[in-house]
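Have a look at target_3.cif below; it lists mmCIF, N, CA and C atoms.
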data_target
loop_
_atom_site.label_atom_id
_atom_site.label_comp_id
_atom_site.auth_asym_id
_atom_site.auth_seq_id
_atom_site.Cartn_x
_atom_site.Cartn_y
_atom_site.Cartn_z
N MET Y 1300 -3.27 -45.03 -8.47
CA MET Y 1300 -2.38 -45.82 -7.65
C MET Y 1300 -3.17 -46.36 -6.47
N VAL Y 1301 -2.91 -47.61 -6.12
CA VAL Y 1301 -3.64 -48.25 -5.02
C VAL Y 1301 -2.63 -48.70 -3.98
N ALA Y 1302 -2.97 -48.49 -2.72
CA ALA Y 1302 -2.13 -48.96 -1.62
C ALA Y 1302 -3.03 -49.64 -0.60
N LEU Y 1303 -2.43 -50.42 0.26
CA LEU Y 1303 -3.18 -51.09 1.31
C LEU Y 1303 -3.03 -50.29 2.59
N SER Y 1304 -4.11 -50.12 3.31
CA SER Y 1304 -4.05 -49.39 4.56
C SER Y 1304 -5.01 -50.03 5.55
N CYS Y 1305 -4.50 -50.43 6.69
CA CYS Y 1305 -5.33 -51.03 7.74
C CYS Y 1305 -6.20 -52.15 7.21
N GLY Y 1306 -5.67 -52.95 6.34
CA GLY Y 1306 -6.39 -54.11 5.85
C GLY Y 1306 -7.32 -53.84 4.69
N LYS Y 1307 -7.37 -52.62 4.16
CA LYS Y 1307 -8.25 -52.31 3.04
C LYS Y 1307 -7.45 -51.63 1.93
N LEU Y 1308 -7.92 -51.80 0.71
CA LEU Y 1308 -7.31 -51.10 -0.41
C LEU Y 1308 -7.78 -49.65 -0.39
N THR Y 1309 -6.85 -48.72 -0.52
CA THR Y 1309 -7.19 -47.30 -0.57
C THR Y 1309 -6.35 -46.62 -1.62
N ASP Y 1310 -6.75 -45.44 -2.05
CA ASP Y 1310 -5.95 -44.67 -2.99
C ASP Y 1310 -4.76 -44.07 -2.27
N ALA Y 1311 -3.63 -43.97 -2.95
CA ALA Y 1311 -2.44 -43.35 -2.37
C ALA Y 1311 -1.63 -42.73 -3.48
N SER Y 1312 -0.92 -41.71 -3.15
CA SER Y 1312 -0.08 -41.06 -4.16
C SER Y 1312 1.24 -41.79 -4.29
N ALA Y 1313 1.88 -41.60 -5.42
CA ALA Y 1313 3.17 -42.26 -5.67
C ALA Y 1313 4.22 -41.80 -4.69
N GLU Y 1314 4.10 -40.56 -4.20
CA GLU Y 1314 5.11 -40.03 -3.27
C GLU Y 1314 5.07 -40.74 -1.92
N THR Y 1315 3.88 -41.08 -1.44
CA THR Y 1315 3.81 -41.71 -0.11
C THR Y 1315 4.01 -43.21 -0.17
N ARG Y 1316 3.73 -43.80 -1.30
CA ARG Y 1316 3.86 -45.25 -1.42
C ARG Y 1316 5.34 -45.61 -1.37
N TYR Y 1317 5.71 -46.48 -0.47
CA TYR Y 1317 7.09 -46.94 -0.28
C TYR Y 1317 8.06 -45.79 0.00
N SER Y 1318 7.61 -44.75 0.65
CA SER Y 1318 8.45 -43.57 0.83
C SER Y 1318 9.80 -43.90 1.45
N THR Y 1319 9.83 -44.61 2.54
CA THR Y 1319 11.12 -44.92 3.17
C THR Y 1319 11.23 -46.40 3.50
N VAL Y 1320 10.47 -47.21 2.84
CA VAL Y 1320 10.49 -48.63 3.20
C VAL Y 1320 11.09 -49.47 2.09
N ASN Y 1321 11.63 -50.57 2.50
CA ASN Y 1321 12.17 -51.53 1.56
C ASN Y 1321 11.69 -52.90 2.02
N GLY Y 1322 10.75 -53.46 1.27
CA GLY Y 1322 10.15 -54.73 1.66
C GLY Y 1322 11.15 -55.84 1.88
N LYS Y 1323 12.19 -55.88 1.05
CA LYS Y 1323 13.18 -56.95 1.20
C LYS Y 1323 13.94 -56.81 2.52
N GLN Y 1324 14.33 -55.60 2.86
CA GLN Y 1324 15.06 -55.40 4.12
C GLN Y 1324 14.20 -55.75 5.32
N ILE Y 1325 12.94 -55.34 5.29
CA ILE Y 1325 12.04 -55.65 6.40
C ILE Y 1325 11.83 -57.16 6.48
N TYR Y 1326 11.59 -57.80 5.33
CA TYR Y 1326 11.39 -59.25 5.30
C TYR Y 1326 12.61 -59.96 5.90
N GLU Y 1327 13.81 -59.57 5.46
CA GLU Y 1327 15.01 -60.24 5.95
C GLU Y 1327 15.20 -60.05 7.45
N LYS Y 1328 14.79 -58.90 7.96
CA LYS Y 1328 14.95 -58.62 9.38
C LYS Y 1328 13.90 -59.32 10.24
N LEU Y 1329 12.64 -59.35 9.77
CA LEU Y 1329 11.55 -59.83 10.62
C LEU Y 1329 10.93 -61.16 10.20
N CYS Y 1330 11.10 -61.57 8.96
CA CYS Y 1330 10.37 -62.73 8.45
C CYS Y 1330 11.26 -63.92 8.12
N ALA Y 1331 12.48 -63.66 7.69
CA ALA Y 1331 13.35 -64.72 7.17
C ALA Y 1331 13.70 -65.77 8.22
N SER Y 1332 13.71 -65.41 9.50
CA SER Y 1332 14.05 -66.41 10.52
C SER Y 1332 13.04 -67.56 10.53
N CYS Y 1333 11.81 -67.28 10.13
CA CYS Y 1333 10.79 -68.35 10.07
C CYS Y 1333 10.54 -68.83 8.64
N HIS Y 1334 10.49 -67.91 7.69
CA HIS Y 1334 10.11 -68.27 6.32
C HIS Y 1334 11.31 -68.43 5.38
N GLY Y 1335 12.52 -68.17 5.88
CA GLY Y 1335 13.72 -68.33 5.09
C GLY Y 1335 13.99 -67.14 4.19
N SER Y 1336 15.26 -66.82 3.99
CA SER Y 1336 15.62 -65.65 3.18
C SER Y 1336 15.24 -65.83 1.72
N LYS Y 1337 15.15 -67.06 1.26
CA LYS Y 1337 14.77 -67.31 -0.13
C LYS Y 1337 13.38 -67.93 -0.25
N GLY Y 1338 12.63 -67.92 0.86
CA GLY Y 1338 11.26 -68.41 0.81
C GLY Y 1338 11.05 -69.83 1.30
N PHE Y 1339 12.13 -70.51 1.68
CA PHE Y 1339 12.01 -71.86 2.24
C PHE Y 1339 12.38 -71.78 3.72
N PRO Y 1340 11.50 -72.23 4.61
CA PRO Y 1340 11.80 -72.15 6.05
C PRO Y 1340 13.08 -72.91 6.39
N PRO Y 1341 13.89 -72.32 7.27
CA PRO Y 1341 15.09 -73.03 7.71
C PRO Y 1341 14.72 -74.22 8.59
N TYR Y 1342 15.62 -75.15 8.69
CA TYR Y 1342 15.39 -76.38 9.45
C TYR Y 1342 14.93 -76.07 10.88
N ASP Y 1343 15.59 -75.12 11.55
CA ASP Y 1343 15.24 -74.79 12.93
C ASP Y 1343 13.77 -74.41 13.06
N ALA Y 1344 13.27 -73.60 12.13
CA ALA Y 1344 11.87 -73.17 12.20
C ALA Y 1344 10.93 -74.35 11.95
N LEU Y 1345 11.32 -75.24 11.07
CA LEU Y 1345 10.49 -76.41 10.78
C LEU Y 1345 10.38 -77.32 12.00
N VAL Y 1346 11.45 -77.40 12.78
CA VAL Y 1346 11.48 -78.27 13.95
C VAL Y 1346 10.81 -77.60 15.16
N LEU Y 1347 11.02 -76.30 15.33
CA LEU Y 1347 10.55 -75.61 16.53
C LEU Y 1347 9.06 -75.29 16.53
N TYR Y 1348 8.50 -74.99 15.37
CA TYR Y 1348 7.12 -74.49 15.34
C TYR Y 1348 6.14 -75.56 14.88
N ASP Y 1349 5.00 -75.57 15.54
CA ASP Y 1349 3.91 -76.46 15.16
C ASP Y 1349 2.64 -75.63 15.13
N PRO Y 1350 2.10 -75.34 13.98
CA PRO Y 1350 2.52 -75.83 12.67
C PRO Y 1350 3.78 -75.11 12.18
N ALA Y 1351 4.51 -75.80 11.33
CA ALA Y 1351 5.74 -75.24 10.77
C ALA Y 1351 5.40 -74.11 9.80
N PRO Y 1352 6.29 -73.12 9.68
CA PRO Y 1352 6.07 -72.05 8.69
C PRO Y 1352 6.01 -72.64 7.28
N ARG Y 1353 5.19 -72.04 6.45
CA ARG Y 1353 5.03 -72.54 5.09
C ARG Y 1353 6.07 -71.93 4.16
N PRO Y 1354 6.52 -72.69 3.17
CA PRO Y 1354 7.38 -72.09 2.15
C PRO Y 1354 6.55 -71.13 1.31
N LEU Y 1355 7.20 -70.17 0.72
CA LEU Y 1355 6.49 -69.15 -0.05
C LEU Y 1355 6.33 -69.58 -1.50
N LEU Y 1356 5.73 -70.74 -1.68
CA LEU Y 1356 5.47 -71.28 -3.01
C LEU Y 1356 4.00 -71.12 -3.34
N SER Y 1357 3.72 -70.95 -4.60
CA SER Y 1357 2.33 -70.86 -5.03
C SER Y 1357 1.57 -72.09 -4.56
N GLY Y 1358 0.41 -71.88 -4.01
CA GLY Y 1358 -0.40 -72.99 -3.53
C GLY Y 1358 -0.14 -73.38 -2.10
N SER Y 1359 0.87 -72.78 -1.47
CA SER Y 1359 1.19 -73.17 -0.10
C SER Y 1359 0.72 -72.15 0.93
N PHE Y 1360 0.13 -71.05 0.49
CA PHE Y 1360 -0.33 -70.02 1.41
C PHE Y 1360 -1.65 -70.47 2.05
N ALA Y 1361 -1.67 -70.57 3.35
CA ALA Y 1361 -2.86 -71.06 4.05
C ALA Y 1361 -4.00 -70.06 4.04
N TYR Y 1362 -3.69 -68.77 3.96
CA TYR Y 1362 -4.72 -67.75 4.12
C TYR Y 1362 -4.90 -66.89 2.88
N GLY Y 1363 -4.49 -67.39 1.73
CA GLY Y 1363 -4.68 -66.70 0.46
C GLY Y 1363 -3.41 -66.13 -0.10
N GLU Y 1364 -3.36 -66.00 -1.42
CA GLU Y 1364 -2.14 -65.58 -2.12
C GLU Y 1364 -2.22 -64.20 -2.75
N THR Y 1365 -3.37 -63.53 -2.64
CA THR Y 1365 -3.45 -62.19 -3.23
C THR Y 1365 -2.69 -61.21 -2.35
N LYS Y 1366 -2.38 -60.07 -2.90
CA LYS Y 1366 -1.68 -59.04 -2.13
C LYS Y 1366 -2.50 -58.67 -0.90
N GLN Y 1367 -3.81 -58.54 -1.06
CA GLN Y 1367 -4.67 -58.21 0.08
C GLN Y 1367 -4.62 -59.31 1.14
N ASP Y 1368 -4.65 -60.58 0.72
CA ASP Y 1368 -4.58 -61.70 1.66
C ASP Y 1368 -3.26 -61.68 2.44
N ILE Y 1369 -2.17 -61.47 1.72
CA ILE Y 1369 -0.85 -61.46 2.36
C ILE Y 1369 -0.74 -60.28 3.31
N PHE Y 1370 -1.22 -59.12 2.88
CA PHE Y 1370 -1.24 -57.93 3.74
C PHE Y 1370 -1.99 -58.24 5.04
N ASN Y 1371 -3.18 -58.83 4.91
CA ASN Y 1371 -3.99 -59.13 6.09
C ASN Y 1371 -3.29 -60.14 7.01
N THR Y 1372 -2.64 -61.13 6.45
CA THR Y 1372 -1.93 -62.12 7.25
C THR Y 1372 -0.80 -61.46 8.03
N ILE Y 1373 -0.04 -60.60 7.36
CA ILE Y 1373 1.06 -59.90 8.04
C ILE Y 1373 0.51 -58.97 9.10
N SER Y 1374 -0.53 -58.24 8.76
CA SER Y 1374 -1.10 -57.25 9.66
C SER Y 1374 -1.78 -57.88 10.87
N GLU Y 1375 -2.58 -58.90 10.63
CA GLU Y 1375 -3.40 -59.48 11.70
C GLU Y 1375 -2.76 -60.69 12.38
N GLY Y 1376 -1.84 -61.36 11.68
CA GLY Y 1376 -1.28 -62.59 12.21
C GLY Y 1376 -2.27 -63.73 12.02
N LYS Y 1377 -1.81 -64.95 12.18
CA LYS Y 1377 -2.67 -66.12 12.04
C LYS Y 1377 -2.18 -67.20 12.99
N GLY Y 1378 -3.09 -67.84 13.66
CA GLY Y 1378 -2.73 -68.96 14.51
C GLY Y 1378 -1.81 -68.57 15.65
N ARG Y 1379 -1.09 -69.57 16.17
CA ARG Y 1379 -0.20 -69.35 17.31
C ARG Y 1379 1.14 -68.76 16.92
N ASN Y 1380 1.62 -69.08 15.73
CA ASN Y 1380 3.00 -68.75 15.39
C ASN Y 1380 3.17 -67.54 14.48
N MET Y 1381 2.19 -67.23 13.65
CA MET Y 1381 2.30 -66.07 12.76
C MET Y 1381 1.76 -64.86 13.53
N LEU Y 1382 2.67 -64.07 14.08
CA LEU Y 1382 2.30 -62.93 14.91
C LEU Y 1382 1.79 -61.77 14.07
N SER Y 1383 0.98 -60.93 14.69
CA SER Y 1383 0.51 -59.71 14.04
C SER Y 1383 1.63 -58.67 14.04
N PHE Y 1384 1.79 -58.00 12.90
CA PHE Y 1384 2.78 -56.94 12.82
C PHE Y 1384 2.11 -55.56 12.82
N ARG Y 1385 0.78 -55.53 13.05
CA ARG Y 1385 0.10 -54.25 13.17
C ARG Y 1385 0.67 -53.55 14.41
N GLY Y 1386 0.99 -52.29 14.27
CA GLY Y 1386 1.58 -51.54 15.36
C GLY Y 1386 3.10 -51.62 15.37
N ARG Y 1387 3.65 -52.69 14.82
CA ARG Y 1387 5.11 -52.82 14.71
C ARG Y 1387 5.59 -52.30 13.36
N LEU Y 1388 4.72 -52.43 12.35
CA LEU Y 1388 5.02 -51.93 11.01
C LEU Y 1388 3.88 -51.02 10.57
N THR Y 1389 4.19 -50.03 9.78
CA THR Y 1389 3.16 -49.15 9.24
C THR Y 1389 2.48 -49.86 8.07
N PRO Y 1390 1.27 -49.44 7.68
CA PRO Y 1390 0.64 -50.05 6.51
C PRO Y 1390 1.51 -50.01 5.25
N PRO Y 1391 2.21 -48.90 4.95
CA PRO Y 1391 3.09 -48.94 3.77
C PRO Y 1391 4.24 -49.96 3.90
N GLN Y 1392 4.74 -50.15 5.11
CA GLN Y 1392 5.79 -51.15 5.31
C GLN Y 1392 5.22 -52.56 5.12
N ILE Y 1393 4.02 -52.81 5.64
CA ILE Y 1393 3.39 -54.12 5.46
C ILE Y 1393 3.13 -54.36 3.98
N GLU Y 1394 2.70 -53.32 3.27
CA GLU Y 1394 2.47 -53.46 1.83
C GLU Y 1394 3.77 -53.79 1.10
N ALA Y 1395 4.85 -53.13 1.50
CA ALA Y 1395 6.14 -53.41 0.87
C ALA Y 1395 6.56 -54.86 1.10
N VAL Y 1396 6.34 -55.37 2.31
CA VAL Y 1396 6.67 -56.77 2.60
C VAL Y 1396 5.78 -57.69 1.77
N ALA Y 1397 4.48 -57.38 1.68
CA ALA Y 1397 3.57 -58.19 0.87
C ALA Y 1397 4.04 -58.23 -0.59
N ASP Y 1398 4.45 -57.08 -1.12
CA ASP Y 1398 4.97 -57.04 -2.50
C ASP Y 1398 6.21 -57.91 -2.62
N TYR Y 1399 7.10 -57.86 -1.64
CA TYR Y 1399 8.32 -58.66 -1.69
C TYR Y 1399 8.00 -60.15 -1.60
N VAL Y 1400 7.04 -60.53 -0.76
CA VAL Y 1400 6.62 -61.93 -0.65
C VAL Y 1400 6.10 -62.42 -2.00
N ILE Y 1401 5.34 -61.58 -2.69
CA ILE Y 1401 4.82 -61.95 -4.01
C ILE Y 1401 5.96 -62.14 -5.00
N THR Y 1402 6.99 -61.28 -4.95
CA THR Y 1402 8.13 -61.46 -5.86
C THR Y 1402 8.88 -62.75 -5.54
N LEU Y 1403 9.02 -63.08 -4.24
CA LEU Y 1403 9.67 -64.34 -3.87
C LEU Y 1403 8.86 -65.52 -4.38
N LYS Y 1404 7.55 -65.47 -4.18
CA LYS Y 1404 6.66 -66.56 -4.62
C LYS Y 1404 6.78 -66.74 -6.12
N ASP Y 1405 6.74 -65.63 -6.87
CA ASP Y 1405 6.83 -65.71 -8.33
C ASP Y 1405 8.19 -66.25 -8.77
N LYS Y 1406 9.24 -65.83 -8.08
CA LYS Y 1406 10.60 -66.29 -8.41
C LYS Y 1406 10.72 -67.79 -8.16
N LEU Y 1407 10.20 -68.25 -7.03
CA LEU Y 1407 10.26 -69.68 -6.73
C LEU Y 1407 9.43 -70.50 -7.72
N ALA Y 1408 8.27 -69.97 -8.10
CA ALA Y 1408 7.42 -70.67 -9.08
C ALA Y 1408 8.14 -70.77 -10.41
N SER Y 1409 8.82 -69.70 -10.81
CA SER Y 1409 9.56 -69.69 -12.07
C SER Y 1409 10.70 -70.70 -12.03
N GLN Y 1410 11.41 -70.76 -10.90
CA GLN Y 1410 12.51 -71.72 -10.76
C GLN Y 1410 11.99 -73.16 -10.81
N GLN Y 1411 10.85 -73.39 -10.17
CA GLN Y 1411 10.27 -74.74 -10.21
C GLN Y 1411 9.88 -75.12 -11.63
N GLU Y 1412 9.26 -74.16 -12.32
CA GLU Y 1412 8.83 -74.41 -13.70
C GLU Y 1412 10.02 -74.73 -14.59
N GLN Y 1413 11.11 -73.98 -14.43
CA GLN Y 1413 12.30 -74.21 -15.25
C GLN Y 1413 12.92 -75.57 -14.93
N SER Y 1414 12.92 -75.93 -13.66
CA SER Y 1414 13.54 -77.22 -13.31
C SER Y 1414 12.71 -78.39 -13.83
N HIS Y 1415 11.41 -78.19 -14.03
CA HIS Y 1415 10.56 -79.27 -14.53
C HIS Y 1415 10.40 -79.24 -16.04
N SER Y 1416 10.83 -78.16 -16.69
CA SER Y 1416 10.63 -78.07 -18.14
C SER Y 1416 11.90 -78.34 -18.93
N GLY Y 1417 12.97 -78.69 -18.26
CA GLY Y 1417 14.22 -78.97 -18.96
C GLY Y 1417 14.12 -80.25 -19.76
N PRO Y 1418 15.17 -80.57 -20.49
CA PRO Y 1418 15.13 -81.80 -21.29
C PRO Y 1418 14.99 -83.02 -20.40
N ARG Y 1419 14.18 -83.90 -20.83
CA ARG Y 1419 13.95 -85.13 -20.07
C ARG Y 1419 15.08 -86.11 -20.40
N PRO Y 1420 15.54 -86.83 -19.40
CA PRO Y 1420 16.57 -87.83 -19.69
C PRO Y 1420 15.99 -88.92 -20.58
N SER Y 1421 16.81 -89.40 -21.47
CA SER Y 1421 16.32 -90.46 -22.35
C SER Y 1421 16.18 -91.74 -21.54
N THR Y 1422 15.24 -92.53 -21.95
CA THR Y 1422 15.05 -93.80 -21.25
C THR Y 1422 15.96 -94.83 -21.88
N PRO Y 1423 16.58 -95.63 -21.06
CA PRO Y 1423 17.49 -96.64 -21.63
C PRO Y 1423 16.70 -97.69 -22.40
N GLU Y 1424 17.38 -98.27 -23.36
CA GLU Y 1424 16.76 -99.35 -24.14
C GLU Y 1424 16.48 -100.51 -23.21
N PRO Y 1425 15.34 -101.17 -23.39
CA PRO Y 1425 15.08 -102.32 -22.53
C PRO Y 1425 16.12 -103.42 -22.78
N ILE Y 1426 16.49 -104.06 -21.71
CA ILE Y 1426 17.45 -105.16 -21.82
C ILE Y 1426 16.66 -106.45 -21.95
N GLU Y 1427 16.97 -107.12 -23.02
CA GLU Y 1427 16.26 -108.38 -23.24
C GLU Y 1427 17.01 -109.48 -22.49
N ALA Y 1428 16.24 -110.23 -21.77
CA ALA Y 1428 16.83 -111.35 -21.04
C ALA Y 1428 17.18 -112.45 -22.01
N GLU Y 1429 18.32 -113.06 -21.76
CA GLU Y 1429 18.69 -114.19 -22.60
C GLU Y 1429 17.80 -115.36 -22.28
N THR Y 1430 17.30 -115.93 -23.31
CA THR Y 1430 16.45 -117.12 -23.15
C THR Y 1430 17.35 -118.35 -23.22
N PRO Y 1431 17.31 -119.16 -22.17
CA PRO Y 1431 18.17 -120.35 -22.23
C PRO Y 1431 17.70 -121.29 -23.35
N ALA Y 1432 18.65 -121.90 -23.96
CA ALA Y 1432 18.33 -122.84 -25.03
C ALA Y 1432 17.61 -124.05 -24.44
N PRO Y 1433 16.62 -124.56 -25.14
CA PRO Y 1433 15.92 -125.74 -24.62
C PRO Y 1433 16.87 -126.94 -24.56
N PRO Y 1434 16.67 -127.81 -23.58
CA PRO Y 1434 17.55 -128.98 -23.46
C PRO Y 1434 17.38 -129.89 -24.67
N GLN Y 1435 18.44 -130.54 -25.09
CA GLN Y 1435 18.37 -131.43 -26.26
C GLN Y 1435 18.45 -132.86 -25.91
#
For the file at hand, write its structure as structure tokens.
Amino acid sequence: MVALSCGKLTDASAETRYSTVNGKQIYEKLCASCHGSKGFPPYDALVLYDPAPRPLLSGSFAYGETKQDIFNTISEGKGRNMLSFRGRLTPPQIEAVADYVITLKDKLASQQEQSHSGPRPSTPEPIEAETPAPPQ
């Protein structure tokens, strides 16, 4: 079993991993106001922050999309607006949030894929313009 601790991957037992934490609850309490409860930043956050918080879609993570990258971003913070949660959250809590962010990202990617893979609308038949009869 592998867990993240202080920015590094370390071994951990199943009993200590996620012992009393719930990544979704922590995310909703501390992260959703900027990143949105479903992974899309709310309008207020988009307007108030420069740079605006990123949606949790694949390819939109500024500092990497791996679990380690997400853990480090949460732990250390980035830029002016993404605050460090080191000291506010324990490493297992940060790991739980990182896992939840990955599930949100995967869920959003799946929804995008489904919305783009549905049946394509048929194209209408071209309309032929009437050709005026030549003058006689």
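For the file shown, the residue list from the PyMOL selection byres (((chain Y and resi 1392-1405 and name CA) around 8) and name CA) reads Ala1302, Leu1303, Tyr1317, Val1320, Asn1321, Gly1322, Lys1323, Ile1325, Tyr1326, Lys1337, Gly1338, Leu1355, Leu1356, Ser1357, Lys1366, Ile1369, Phe1370, Ile1373, Ser1374, Phe1384, Leu1388, Thr1389, Pro1390, Pro1391, Lys1406, Leu1407, Ala1408 and Ser1409 of chain Y.
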*For the atom pair CA of Ser1383 in chain Y and CA of Cys1333 in chain Y, what is the interatomic distance in Å to one decimal place?*
14.0 Å
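CA of Pro1340 in chain Y is found 13.8 Å from atom N of Ala1361 in chain Y.
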*What gap, in Å, lies between CA of Asp1349 in chain Y and atom N of Glu1412 in chain Y?*
28.1 Å
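The neighbours of Arg1379 in chain Y here are the residues that come within 12 Å of it, using only C-alpha atoms and leaving out any residue fewer than 2 positions away in the same chain; they are Tyr1348, Asp1349, Pro1350, Ala1351, Pro1352, Glu1375, Gly1376, Lys1377, Met1381, Leu1382 and Ser1383 of chain Y.
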*Please identify all polymer residues within 8 Å of range 1330-1332 of chain Y, counting all atoms listed in the file, omitting same-chain residues fewer than 6 positions from it, and present them as number ranges by chain.*
Y: 1324, 1338-1341, 1343-1345
_Nearest to Pro1354 in chain Y, chosen from Y:Gly1335, Y:Gln1413, Y:Asn1380, Y:Pro1434, with all atoms listed in the file counted in the distances_ =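 Distance minimum relative to Pro1354 in chain Y lands on Y:Gly1335.
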